[in-house]
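Visitor: Dumping the structure here so I can ask a few things about it.
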Amino acid sequence: MIKFVVLAIAISAVHCQYGGYQKEQAPEYKEQDYYAPAHYNFDYSVKDEHTGDIKSQREQREGDKTEGEYSLVEPDGTLRVVKYYVDGKSGFVAEVHREPGKYQPAPEPAYKKQEPSYYKPQPSYQKAEPSYYKPQPSYYKPEPSYYKPQPKYY
């Protein structure tokens, strides 16, 4: 009985020393925005009459909303205009318009076509010189082995 009382006092002393076991709940997760929303506006265009490369693009973004359009002249002279937008989680939505006959078709590439080669190698009429090296036969024959292993008894 005395042992039981001493054991109970020791357990309560340890319990009081560490304040007892209390299950703490994890702090609630809160998603925080550490970055400012994206805001930008840009455009560019190329008009190269020599190669027929004519294109342009314009785009603006404010937070999750993005709008823009780009256009290009296809090789057959058709102008393709694409207007697009992204609004939050809706995804990429594009509208494509084609305007045929707006421009002249792109010029053919200016490069020189390679001419075929008519050079044919001429045969050589020199006879090949004979080879005078003649390998000698080998007369070495290995000696037979007369060694026979003897069995070992344990």
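Ordering of the structure tokens sets the chain letters (A, B, ...), residue numbers begin anew at 1 in every chain, and ligands are numbered from 1 in the order given.
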Quick one: everything within 10 Å of Tyr84 in chain A, counting only C-alpha atoms, minus sequence neighbours fewer than 3 positions away in the same chain. Send it as a list in words.
Guide: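 What passes the distance filter is Glu59, Thr66, Glu67, Gly68, Glu69, Tyr70, Val81, Phe92, Val93, Ala94, Glu95 and Val96 of chain A.
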Visitor: Please identify which residues in chain A DSSP calls helix (DSSP H, G or I) from the backbone, and express them as a PyMOL selection string.
Guide: chain A and resi 2-18
Visitor: Between CA of Tyr35 in chain A and CA of Gly88 in chain A, what is the spacing in Å?
Guide: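 That distance, rounded to one decimal, is 16.3 Å.
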Visitor: Can you measure CA of Asp64 in chain A to CA of Asp43 in chain A for me? One decimal in Å is fine.
Guide: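 So the answer is 18.9 Å.
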Visitor: Pull the strand (DSSP E) assignments for range 20-105 of chain A out of DSSP run on the backbone, and list those residues as number ranges by chain.
Guide: A: 39-48, 53-62, 65-73, 79-87, 93-99
Visitor: As an exercise, work out the distance from CA of Asp48 in chain A to CA of Tyr103 in chain A in Å and give it to one decimal place.
Guide: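 Pair CA of Asp48 in chain A / CA of Tyr103 in chain A returns 12.8 Å.
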